[in-house]
>>> print(open('start01.cif').read())   # mmCIF, N, CA and C atoms
data_my_file
#
loop_
_atom_site.label_atom_id
_atom_site.label_comp_id
_atom_site.auth_asym_id
_atom_site.auth_seq_id
_atom_site.Cartn_x
_atom_site.Cartn_y
_atom_site.Cartn_z
N MET A 198 144.50 46.91 78.21
CA MET A 198 143.86 45.79 77.54
C MET A 198 144.93 44.77 77.18
N SER A 199 144.69 43.54 77.44
CA SER A 199 145.64 42.51 77.05
C SER A 199 145.23 41.92 75.70
N ALA A 200 146.07 41.08 75.18
CA ALA A 200 145.86 40.52 73.84
C ALA A 200 144.87 39.37 73.85
N ILE A 201 144.19 39.25 72.73
CA ILE A 201 143.25 38.14 72.52
C ILE A 201 143.58 37.53 71.16
N LEU A 202 143.77 36.22 71.15
CA LEU A 202 143.99 35.48 69.90
C LEU A 202 142.77 34.63 69.64
N LYS A 203 142.11 34.88 68.50
CA LYS A 203 140.92 34.11 68.14
C LYS A 203 141.17 33.38 66.84
N ARG A 204 140.70 32.15 66.78
CA ARG A 204 140.79 31.37 65.55
C ARG A 204 139.69 31.84 64.62
N ALA A 205 140.05 32.24 63.41
CA ALA A 205 139.09 32.74 62.43
C ALA A 205 138.67 31.66 61.44
N ALA A 206 139.58 30.73 61.16
CA ALA A 206 139.35 29.64 60.21
C ALA A 206 140.48 28.64 60.43
N PRO A 207 140.43 27.47 59.78
CA PRO A 207 141.54 26.54 59.93
C PRO A 207 142.87 27.20 59.56
N GLY A 208 143.78 27.21 60.49
CA GLY A 208 145.11 27.78 60.26
C GLY A 208 145.15 29.29 60.22
N ALA A 209 144.04 29.96 60.54
CA ALA A 209 143.98 31.44 60.47
C ALA A 209 143.52 32.00 61.81
N TYR A 210 144.21 33.03 62.26
CA TYR A 210 143.94 33.64 63.56
C TYR A 210 143.92 35.15 63.44
N ARG A 211 143.31 35.80 64.44
CA ARG A 211 143.31 37.27 64.54
C ARG A 211 143.79 37.62 65.94
N LEU A 212 144.84 38.43 66.01
CA LEU A 212 145.38 38.89 67.28
C LEU A 212 144.99 40.35 67.47
N THR A 213 144.38 40.66 68.61
CA THR A 213 143.96 42.02 68.90
C THR A 213 144.43 42.42 70.30
N GLY A 214 144.42 43.72 70.55
CA GLY A 214 144.78 44.22 71.88
C GLY A 214 146.24 44.65 71.94
N SER A 215 146.80 44.56 73.13
CA SER A 215 148.19 44.94 73.32
C SER A 215 148.98 43.79 73.92
N VAL A 216 150.21 43.68 73.48
CA VAL A 216 151.11 42.63 73.97
C VAL A 216 152.36 43.36 74.48
N LEU A 217 152.38 43.62 75.78
CA LEU A 217 153.45 44.39 76.39
C LEU A 217 154.01 43.68 77.60
N LEU A 218 155.30 43.83 77.82
CA LEU A 218 155.93 43.22 78.99
C LEU A 218 155.25 43.65 80.28
N THR A 219 154.83 44.90 80.34
CA THR A 219 154.21 45.40 81.57
C THR A 219 152.86 44.75 81.85
N GLU A 220 152.23 44.18 80.83
CA GLU A 220 150.93 43.54 81.01
C GLU A 220 151.03 42.03 81.12
N GLY A 221 152.14 41.45 80.70
CA GLY A 221 152.29 40.00 80.73
C GLY A 221 151.42 39.32 79.69
N LEU A 222 151.36 38.01 79.77
CA LEU A 222 150.61 37.24 78.78
C LEU A 222 149.11 37.33 78.95
N GLY A 223 148.66 37.60 80.16
CA GLY A 223 147.22 37.60 80.40
C GLY A 223 146.65 36.25 80.01
N GLY A 224 145.64 36.23 79.19
CA GLY A 224 145.03 34.98 78.75
C GLY A 224 145.59 34.44 77.45
N LEU A 225 146.64 35.06 76.93
CA LEU A 225 147.20 34.64 75.65
C LEU A 225 147.93 33.32 75.80
N SER A 226 147.52 32.33 75.03
CA SER A 226 148.10 31.00 75.10
C SER A 226 149.27 30.86 74.14
N LEU A 227 150.27 30.11 74.56
CA LEU A 227 151.40 29.83 73.68
C LEU A 227 151.30 28.43 73.09
N GLU A 228 150.12 27.87 73.11
CA GLU A 228 149.91 26.56 72.50
C GLU A 228 150.26 26.63 71.01
N PRO A 229 150.67 25.51 70.44
CA PRO A 229 150.96 25.52 69.00
C PRO A 229 149.71 25.90 68.21
N LEU A 230 149.91 26.63 67.14
CA LEU A 230 148.82 27.02 66.26
C LEU A 230 148.61 25.90 65.24
N ASP A 231 147.36 25.68 64.85
CA ASP A 231 147.15 24.67 63.81
C ASP A 231 147.51 25.27 62.46
N LEU A 232 147.97 24.41 61.59
CA LEU A 232 148.40 24.83 60.26
C LEU A 232 147.35 24.47 59.23
N HIS A 233 147.25 25.28 58.19
CA HIS A 233 146.40 24.97 57.04
C HIS A 233 147.31 25.02 55.82
N GLU A 234 147.46 23.89 55.16
CA GLU A 234 148.37 23.77 54.02
C GLU A 234 149.78 24.21 54.40
N GLY A 235 150.19 23.85 55.62
CA GLY A 235 151.55 24.11 56.07
C GLY A 235 151.80 25.50 56.62
N VAL A 236 150.75 26.31 56.74
CA VAL A 236 150.94 27.69 57.21
C VAL A 236 149.94 28.03 58.30
N ALA A 237 150.42 28.72 59.33
CA ALA A 237 149.55 29.35 60.32
C ALA A 237 149.61 30.85 60.00
N THR A 238 148.47 31.44 59.73
CA THR A 238 148.40 32.85 59.36
C THR A 238 147.77 33.64 60.51
N ILE A 239 148.44 34.73 60.91
CA ILE A 239 147.91 35.57 61.98
C ILE A 239 147.71 36.98 61.45
N ASP A 240 146.47 37.45 61.54
CA ASP A 240 146.14 38.82 61.21
C ASP A 240 146.46 39.65 62.45
N VAL A 241 147.46 40.51 62.36
CA VAL A 241 147.88 41.32 63.50
C VAL A 241 147.42 42.77 63.37
N GLY A 242 146.48 43.02 62.47
CA GLY A 242 145.99 44.37 62.25
C GLY A 242 145.32 44.98 63.47
N GLY A 243 144.85 44.15 64.38
CA GLY A 243 144.19 44.65 65.58
C GLY A 243 145.11 44.84 66.77
N VAL A 244 146.41 44.68 66.57
CA VAL A 244 147.36 44.88 67.67
C VAL A 244 147.53 46.39 67.87
N GLU A 245 147.17 46.85 69.05
CA GLU A 245 147.22 48.28 69.36
C GLU A 245 148.58 48.73 69.87
N ALA A 246 149.25 47.87 70.61
CA ALA A 246 150.57 48.20 71.16
C ALA A 246 151.34 46.90 71.33
N ALA A 247 152.65 46.97 71.07
CA ALA A 247 153.48 45.77 71.17
C ALA A 247 154.90 46.16 71.50
N ASP A 248 155.60 45.24 72.14
CA ASP A 248 157.02 45.42 72.41
C ASP A 248 157.70 44.07 72.24
N SER A 249 158.83 43.90 72.88
CA SER A 249 159.61 42.67 72.69
C SER A 249 158.88 41.41 73.13
N LEU A 250 157.87 41.52 73.99
CA LEU A 250 157.10 40.34 74.37
C LEU A 250 156.40 39.75 73.15
N LEU A 251 155.82 40.60 72.31
CA LEU A 251 155.17 40.07 71.10
C LEU A 251 156.19 39.42 70.19
N LEU A 252 157.36 39.99 70.07
CA LEU A 252 158.40 39.39 69.23
C LEU A 252 158.76 38.00 69.75
N ALA A 253 158.89 37.87 71.07
CA ALA A 253 159.21 36.56 71.65
C ALA A 253 158.10 35.55 71.39
N ILE A 254 156.86 35.99 71.50
CA ILE A 254 155.72 35.10 71.24
C ILE A 254 155.70 34.68 69.77
N LEU A 255 155.91 35.63 68.87
CA LEU A 255 155.92 35.30 67.44
C LEU A 255 157.04 34.32 67.11
N LEU A 256 158.20 34.52 67.71
CA LEU A 256 159.31 33.60 67.47
C LEU A 256 158.99 32.20 67.98
N GLU A 257 158.31 32.12 69.12
CA GLU A 257 157.92 30.81 69.66
C GLU A 257 156.89 30.14 68.76
N TRP A 258 155.89 30.89 68.31
CA TRP A 258 154.90 30.31 67.40
C TRP A 258 155.57 29.87 66.10
N ASP A 259 156.51 30.66 65.60
CA ASP A 259 157.24 30.30 64.39
C ASP A 259 158.03 29.02 64.60
N ARG A 260 158.69 28.91 65.74
CA ARG A 260 159.47 27.70 66.05
C ARG A 260 158.55 26.48 66.07
N ARG A 261 157.40 26.62 66.70
CA ARG A 261 156.46 25.49 66.79
C ARG A 261 155.90 25.13 65.42
N ALA A 262 155.63 26.13 64.58
CA ALA A 262 155.14 25.84 63.23
C ALA A 262 156.21 25.10 62.43
N ARG A 263 157.45 25.53 62.55
CA ARG A 263 158.55 24.88 61.83
C ARG A 263 158.76 23.45 62.32
N THR A 264 158.54 23.22 63.61
CA THR A 264 158.64 21.87 64.16
C THR A 264 157.62 20.94 63.50
N GLN A 265 156.48 21.52 63.10
CA GLN A 265 155.44 20.75 62.41
C GLN A 265 155.65 20.72 60.90
N GLY A 266 156.77 21.27 60.44
CA GLY A 266 157.07 21.29 59.01
C GLY A 266 156.42 22.45 58.27
N GLY A 267 155.94 23.46 59.00
CA GLY A 267 155.25 24.57 58.37
C GLY A 267 155.92 25.90 58.64
N SER A 268 155.12 26.95 58.53
CA SER A 268 155.63 28.30 58.77
C SER A 268 154.54 29.19 59.34
N LEU A 269 154.97 30.33 59.84
CA LEU A 269 154.06 31.33 60.38
C LEU A 269 154.08 32.54 59.45
N ARG A 270 152.91 33.06 59.14
CA ARG A 270 152.80 34.22 58.26
C ARG A 270 151.95 35.27 58.96
N LEU A 271 152.41 36.52 58.91
CA LEU A 271 151.65 37.64 59.47
C LEU A 271 151.03 38.43 58.34
N VAL A 272 149.80 38.87 58.56
CA VAL A 272 149.12 39.74 57.59
C VAL A 272 148.57 40.95 58.32
N GLU A 273 148.29 42.01 57.56
CA GLU A 273 147.74 43.26 58.10
C GLU A 273 148.62 43.81 59.22
N ILE A 274 149.91 43.88 58.94
CA ILE A 274 150.89 44.31 59.95
C ILE A 274 150.81 45.83 60.13
N PRO A 275 150.48 46.31 61.34
CA PRO A 275 150.46 47.75 61.58
C PRO A 275 151.86 48.35 61.40
N ALA A 276 151.91 49.62 61.02
CA ALA A 276 153.19 50.28 60.74
C ALA A 276 154.17 50.18 61.91
N ARG A 277 153.70 50.39 63.12
CA ARG A 277 154.61 50.35 64.28
C ARG A 277 155.17 48.95 64.50
N LEU A 278 154.34 47.93 64.34
CA LEU A 278 154.83 46.56 64.49
C LEU A 278 155.78 46.22 63.35
N GLY A 279 155.47 46.66 62.15
CA GLY A 279 156.36 46.44 61.01
C GLY A 279 157.72 47.07 61.25
N ALA A 280 157.73 48.28 61.81
CA ALA A 280 158.99 48.95 62.13
C ALA A 280 159.77 48.17 63.18
N LEU A 281 159.07 47.66 64.18
CA LEU A 281 159.73 46.86 65.23
C LEU A 281 160.34 45.59 64.63
N LEU A 282 159.62 44.96 63.72
CA LEU A 282 160.15 43.76 63.06
C LEU A 282 161.38 44.09 62.21
N ARG A 283 161.34 45.21 61.50
CA ARG A 283 162.49 45.60 60.68
C ARG A 283 163.70 45.96 61.53
N VAL A 284 163.49 46.74 62.59
CA VAL A 284 164.60 47.18 63.45
C VAL A 284 165.29 45.98 64.10
N THR A 285 164.53 44.97 64.44
CA THR A 285 165.11 43.79 65.09
C THR A 285 165.62 42.75 64.09
N GLY A 286 165.42 43.01 62.81
CA GLY A 286 165.90 42.07 61.79
C GLY A 286 165.02 40.83 61.64
N LEU A 287 163.78 40.90 62.12
CA LEU A 287 162.89 39.73 62.08
C LEU A 287 161.84 39.80 60.98
N ALA A 288 161.78 40.90 60.25
CA ALA A 288 160.73 41.07 59.24
C ALA A 288 160.73 39.94 58.21
N HIS A 289 161.91 39.46 57.84
CA HIS A 289 161.99 38.41 56.81
C HIS A 289 161.34 37.11 57.25
N LEU A 290 161.23 36.88 58.55
CA LEU A 290 160.63 35.64 59.05
C LEU A 290 159.12 35.61 58.86
N PHE A 291 158.50 36.78 58.87
CA PHE A 291 157.05 36.85 58.88
C PHE A 291 156.51 37.60 57.68
N SER A 292 157.02 37.31 56.51
CA SER A 292 156.58 38.04 55.32
C SER A 292 155.10 37.80 55.05
N ALA A 293 154.43 38.85 54.65
CA ALA A 293 152.98 38.75 54.37
C ALA A 293 152.77 38.19 52.98
#
>>> encode(input="start01.cif", output="structure tokens")
Amino acid sequence: MSAILKRAAPGAYRLTGSVLLTEGLGGLSLEPLDLHEGVATIDVGGVEAADSLLLAILLEWDRRARTQGGSLRLVEIPARLGALLRVTGLAHLFSA
């Protein structure tokens, strides 16, 4: 299963499925996310599997949000994704 990003509300999204190098981007768009009060929030609780591809995507979305003067925030971070963020030193960028 590949990843699906759905807009839930202004500046709020839900990411589900798996984001793996072996699966590629599939239909996942890297378009800039819209911000609400300077923040794009992504609920990643539905991410079933992830590797460095998801980290690269999150860093790109974060870069684009910062270009707009905002930030990216992750919520409902699964334990395995949280561990991946901590091991790579990226957890501080996406504090819930």
>>> residues_around(input="start01.cif", residues="Leu255 of chain A", least_positions_apart="3", cutoff="10 Å", atoms="only C-alpha atoms", output="ChimeraX atom specification")
/A:227,239,249-252,258-261,269-271,287,290-291
>>> closest_residue(input="start01.cif", among="A:Gly243, A:Pro229, A:Gly235, A:Gly223", to="Arg211 of chain A", atoms="only C-alpha atoms")
A:Gly243
>>> select_by_dssp(input="start01.cif", residues="segment 232-293 of chain A", states="strand (DSSP E or B)", output="ChimeraX atom specification")
/A:233,236-247,268-272
>>> atom_distance(input="start01.cif", atom1="atom CA of Thr219 of chain A", atom2="atom CA of Thr285 of chain A")
19.8 Å
>>> resolve_selection(input="start01.cif", expression="the PyMOL selection byres ((chain A and resi 274) around 8)", output="PyMOL selection string")
chain A and resi 239-244+271-273+275-280+293
>>> closest_residue(input="start01.cif", among="A:Gly208, A:Ala253, A:Ala247, A:Arg263", to="Asp231 of chain A", atoms="all atoms listed in the file")
A:Gly208
>>> atom_distance(input="start01.cif", atom1="atom C of Ala206 of chain A", atom2="atom CA of Gly286 of chain A")
28.8 Å
>>> closest_residue(input="start01.cif", among="A:Glu228, A:Glu234, A:Glu245, A:Glu220", to="Glu257 of chain A", atoms="all atoms listed in the file")
A:Glu228
>>> closest_residue(input="start01.cif", among="A:Asp248, A:Pro207, A:Val236, A:Leu217", to="Gln265 of chain A", atoms="only C-alpha atoms")
A:Val236
>>> atom_distance(input="start01.cif", atom1="atom CA of Ala200 of chain A", atom2="atom CA of Ala237 of chain A")
17.9 Å
